[in-house]
Structures are given as structure tokens and as C-alpha cells.
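Novice: Got a structure for you, questions after.
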Amino acid sequence: MRRKWTKIVGASFLSLALLAACGTSDKEKEEGSAGGKDKEKSAETVTVGISQYVTHRSLDAATKGFKAALEESDLDVKFNDQNAQGDPNNAASIAQNLVGDKVDLIFANATPSAIAALNETKDIPIVFTSVTDPVGSKLVESMEKPGGNVTGTSDTHPDAIPNTVKFIDEQMDAKTIGLIFNAGEQNSQVQIDAVKEAVKGTDLKTVEATVSTSAEVKQAAESLIGRADVFYVITDNTVVSAIETVVQVASDNDIPLFVGEHDSVEAGGFAAYGTSYYDLGYQTGKMAIQILKGEKTPDQIPAEYPSGDLDLLINKKAAEDMGVKLKPEWDDIAEYLK
């Protein structure tokens, strides 16, 4: 993740130098409008409505990456930034408000927000990210030909779940995988089905604990003590928004916690095969730029999977807290977070 961002920064060095020469501060960028002060911008201001489903590290990183891409463009962009706080009703209200405000484009971060936006408008362009299954959730007709007024990026690398299950099967002393998820999230059910498919042909079994809200996550994790040899939290927004409580239960009971993305490793999870959500948001922002410039319409831009490599990240401190002894052979396949 950091290597790729370094490349992006390097490629943008000349532009950043121009920004510095014009005296633009980071604070000015963070205050919402990218317009006008840092480089020569297009004359017309465009408004981008942002609908993020909930606050957690991965979604926050995706939104930051999306904004960075637009801020580096020559567009004069004003952001209308909204957060549904994990409530589908709020996501619907946000979508209604953004459509009422006649924004020029909606950036929908996570499946519930993308579905809510599409339910409200077939005219305003929508770009989504952090969506596991864009086709299954009926946001697009296919990845290659999305159709309608929507396109975007999935956060699912096809090898992430199979690689994680293979690692648990071959490298961990485990027979049961404890899964904690919100069964009401279509995004999550798809991944849980993928985990169950991946354990076929192994000696592993899965046990489940479901939640409806983030307040139920700690109790769900505790219900798996004695029934699960490892925990696996896929990219479920409800659980990830309360990942610290799962980390605590896992650490207190020496249960290795596998997670679905690197941000949750940085939050205390043991390990994950993942890609960068910042890069994913940036990738989505490049799609939005094409639309806002009138170069393409959403139906002309295929939906995409993460363009970055799939990396195994292991948290050394979490390993120690969760009773995992690191193996020398992991040095060749993993990057360590100290």
C-alpha cells in the first residue's frame, strides 16, 4: 500500500511542486473544496455528493483516496460529505438529499449507500467503492458492461478469501473458524458463502455468530469462545466498525483473529490478505473524473476490481497477544507490522 502510494506521489511530484509554489496548504485541501487556489482549475465548479455508510478505517481510507484523485485533477470540485452512521435509513435520506441538491455526481462508499443512491436516481452519475459483489447486489448488469448511470470498484480480490482459508488450514493449528458478521448485509453474506466454499476439501469447519448492530459485536465474539480455534472477520461494515472489541476478546482468549483487510490488521487483527482501500478510492476517483469531464458516461466505464497486488500483512504484536508463534517460513510470504 505504502509502496504504491509512494509511486503515486512520485508521479505527481511536479504537480505538487506547483501546488507548493502557489502556497496551497493541506488545511485548505481538507476544508472541502479543491477549487481554484492550488492549480489552474476549470472555470465551472462541480459538486460531488459523498455517501459513506459508516465510519471505520477502510471506508475512511477509500474516501480519502477518492478525494485525493479529484483534488489532483484540474476540476474545480466541491464535496458534500455525508455519513449514514451504519443505518440504512440514514443512507436512504442522504441519497434523497443529494438528489434534491442536484449534485453532479454521487460517490457511494459501501453497498448500502450505493443501493440507496441507485434507488433515488437514474439520472445523476453514481460511482461506488467498497462493494463486494456489484452484480449480485444488482448495482450493475455486469462488471464489463455496468449499464445505466452507475459504475465503480469492488473491494474483493478474487484470491483473498481462498488464500486466507488456505493459510488457516496449512499454517494454523485450527479445526474451526469462527465467523462474525451481519447477516443483513448482502456484502457480508456473499463473503460468508465464499468462506464456506473455500473450506470444502479441508478439515476445517465454520461456526457463526451474527449481529444486527455494532453494539452486539462483543457479545457475538464471546459466544464463539470454546467453539472456534480462530476468528475470521470478513469486510463486514457492522463488525469492522467495532473491530477493537473483537481484538480484545481474541487477545484475552489466545484466539488468532484473521480479518478481511489491512486496516483491521493495523487496528489489532492478527493477519489479512488484502489491498489498499486508499488506492481503491483513488482508482474510483479516476473513474469519476472521466465522467465529470464529460469524456465518458458511467455505462461506458467497466466496473473494476482492486488494481493493486494481494499482500499478506501480519501484526507481530497481535500475534504475541493472541498466542501465535511466528514461523520463519512466513518471512518469505508476509509483510510484518511491528
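Note on naming: chains are A, B, ... as they come in the C-alpha cells, residues start from 1 per chain, ligands start from 1 in the order shown.
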Could you build a table of the residues in stretch 279-321 of chain A lying no more than 6 Å from stretch 65-86 of chain A, giving for each the nearest pair of atoms and their separation in Å rounded to one decimal place, using only C-alpha atoms, ordered by chain and ascending residue number, as CSV?

Specialist:
```
residue,atom,partner,partner_atom,distance
A:Gly281,CA,A:Phe66,CA,4.3
A:Tyr282,CA,A:Gly65,CA,4.2
A:Gly285,CA,A:Phe66,CA,4.5
```

Novice: Might you pull out every residue within 12 Å of A:Glu170, with only C-alpha atoms counted and same-chain residues fewer than 3 positions away left off, and present them as a list in words?

Specialist: Asn163, Thr164, Val165, Lys166, Phe167, Asp173, Ala174, Lys175, Val199, Thr202, Asp203, Leu204 and Trp330 of chain A

Novice: The selected residues should be written to file as a tab-separated table (two decimals), in the first residue's frame (atoms: all heavy atoms).

Specialist:
```tsv
chain	number	residue	atom	x	y	z
A	163	ASN	N	-7.12	-17.63	-0.18
A	163	ASN	CA	-5.78	-17.61	0.40
A	163	ASN	C	-5.82	-17.61	1.92
A	163	ASN	O	-5.00	-18.26	2.58
A	163	ASN	CB	-5.02	-16.37	-0.10
A	163	ASN	CG	-4.49	-16.52	-1.51
A	163	ASN	OD1	-4.84	-17.48	-2.21
A	163	ASN	ND2	-3.69	-15.58	-1.95
A	164	THR	N	-6.77	-16.89	2.48
A	164	THR	CA	-6.88	-16.84	3.95
A	164	THR	C	-7.25	-18.21	4.50
A	164	THR	O	-6.64	-18.68	5.48
A	164	THR	CB	-7.95	-15.81	4.37
A	164	THR	OG1	-7.60	-14.53	3.85
A	164	THR	CG2	-8.05	-15.72	5.88
A	165	VAL	N	-8.23	-18.86	3.90
A	165	VAL	CA	-8.63	-20.19	4.37
A	165	VAL	C	-7.49	-21.19	4.20
A	165	VAL	O	-7.23	-22.03	5.07
A	165	VAL	CB	-9.89	-20.66	3.61
A	165	VAL	CG1	-10.20	-22.13	3.92
A	165	VAL	CG2	-11.08	-19.78	3.98
A	166	LYS	N	-6.76	-21.10	3.09
A	166	LYS	CA	-5.63	-22.00	2.86
A	166	LYS	C	-4.55	-21.79	3.93
A	166	LYS	O	-3.97	-22.75	4.44
A	166	LYS	CB	-5.04	-21.74	1.47
A	166	LYS	CG	-3.88	-22.67	1.12
A	166	LYS	CD	-3.36	-22.37	-0.29
A	166	LYS	CE	-2.19	-23.31	-0.64
A	166	LYS	NZ	-1.64	-23.00	-1.98
A	167	PHE	N	-4.30	-20.53	4.29
A	167	PHE	CA	-3.30	-20.24	5.32
A	167	PHE	C	-3.74	-20.83	6.66
A	167	PHE	O	-2.94	-21.44	7.38
A	167	PHE	CB	-3.11	-18.73	5.45
A	167	PHE	CG	-1.99	-18.31	6.36
A	167	PHE	CD1	-0.71	-18.12	5.86
A	167	PHE	CD2	-2.22	-18.13	7.72
A	167	PHE	CE1	0.33	-17.74	6.71
A	167	PHE	CE2	-1.19	-17.76	8.57
A	167	PHE	CZ	0.10	-17.55	8.07
A	173	ASP	N	-2.87	-24.30	13.81
A	173	ASP	CA	-3.39	-25.49	14.49
A	173	ASP	C	-4.87	-25.25	14.78
A	173	ASP	O	-5.25	-24.94	15.91
A	173	ASP	CB	-2.60	-25.71	15.77
A	173	ASP	CG	-3.04	-26.99	16.49
A	173	ASP	OD1	-3.66	-27.84	15.82
A	173	ASP	OD2	-2.76	-27.12	17.69
A	174	ALA	N	-5.68	-25.35	13.76
A	174	ALA	CA	-7.10	-25.00	13.88
A	174	ALA	C	-7.99	-25.99	13.15
A	174	ALA	O	-7.62	-26.52	12.10
A	174	ALA	CB	-7.33	-23.59	13.31
A	175	LYS	N	-9.14	-26.21	13.73
A	175	LYS	CA	-10.16	-27.06	13.10
A	175	LYS	C	-11.45	-26.30	12.83
A	175	LYS	O	-12.25	-26.70	11.99
A	175	LYS	CB	-10.46	-28.26	14.01
A	175	LYS	CG	-9.27	-29.22	14.19
A	175	LYS	CD	-8.86	-29.86	12.86
A	175	LYS	CE	-7.70	-30.84	13.04
A	175	LYS	NZ	-7.22	-31.38	11.75
A	199	VAL	N	-13.64	-23.76	2.42
A	199	VAL	CA	-13.27	-24.81	3.38
A	199	VAL	C	-13.59	-26.20	2.86
A	199	VAL	O	-13.16	-27.20	3.45
A	199	VAL	CB	-13.96	-24.59	4.75
A	199	VAL	CG1	-13.60	-23.24	5.33
A	199	VAL	CG2	-15.46	-24.77	4.66
A	202	THR	N	-11.13	-29.36	2.90
A	202	THR	CA	-10.21	-29.26	4.03
A	202	THR	C	-10.85	-29.93	5.24
A	202	THR	O	-12.00	-30.37	5.19
A	202	THR	CB	-9.89	-27.78	4.37
A	202	THR	OG1	-11.03	-27.20	5.02
A	202	THR	CG2	-9.59	-26.98	3.11
A	203	ASP	N	-10.10	-29.97	6.34
A	203	ASP	CA	-10.65	-30.49	7.59
A	203	ASP	C	-11.30	-29.40	8.42
A	203	ASP	O	-11.74	-29.64	9.56
A	203	ASP	CB	-9.53	-31.16	8.40
A	203	ASP	CG	-8.99	-32.41	7.72
A	203	ASP	OD1	-9.79	-33.07	7.00
A	203	ASP	OD2	-7.79	-32.70	7.88
A	204	LEU	N	-11.36	-28.19	7.88
A	204	LEU	CA	-11.90	-27.06	8.63
A	204	LEU	C	-13.42	-27.06	8.62
A	204	LEU	O	-14.05	-27.49	7.65
A	204	LEU	CB	-11.39	-25.74	8.04
A	204	LEU	CG	-9.89	-25.47	8.15
A	204	LEU	CD1	-9.51	-24.28	7.28
A	204	LEU	CD2	-9.52	-25.21	9.61
A	330	TRP	N	7.23	-17.84	7.13
A	330	TRP	CA	6.30	-16.75	6.82
A	330	TRP	C	7.05	-15.51	6.34
A	330	TRP	O	6.46	-14.63	5.70
A	330	TRP	CB	5.45	-16.40	8.04
A	330	TRP	CG	4.52	-17.49	8.46
A	330	TRP	CD1	4.29	-18.68	7.82
A	330	TRP	CD2	3.72	-17.51	9.64
A	330	TRP	NE1	3.39	-19.44	8.52
A	330	TRP	CE2	3.02	-18.75	9.64
A	330	TRP	CE3	3.51	-16.63	10.69
A	330	TRP	CZ2	2.13	-19.11	10.65
A	330	TRP	CZ3	2.62	-16.98	11.71
A	330	TRP	CH2	1.94	-18.21	11.68
```

Novice: Which one is closest to A:Ile126: A:Ser142, A:Thr297, A:Ser264, A:Gln171? Count only C-alpha atoms.

Specialist: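 Of the candidates, the smallest distance to A:Ile126 is held by A:Thr297.
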
Novice: Would you mind reading off the distance between atom CA of A:Phe231 and atom CA of A:Ile255, one decimal, in Å?

Specialist: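 Pair atom CA of A:Phe231 / atom CA of A:Ile255 returns 6.8 Å.
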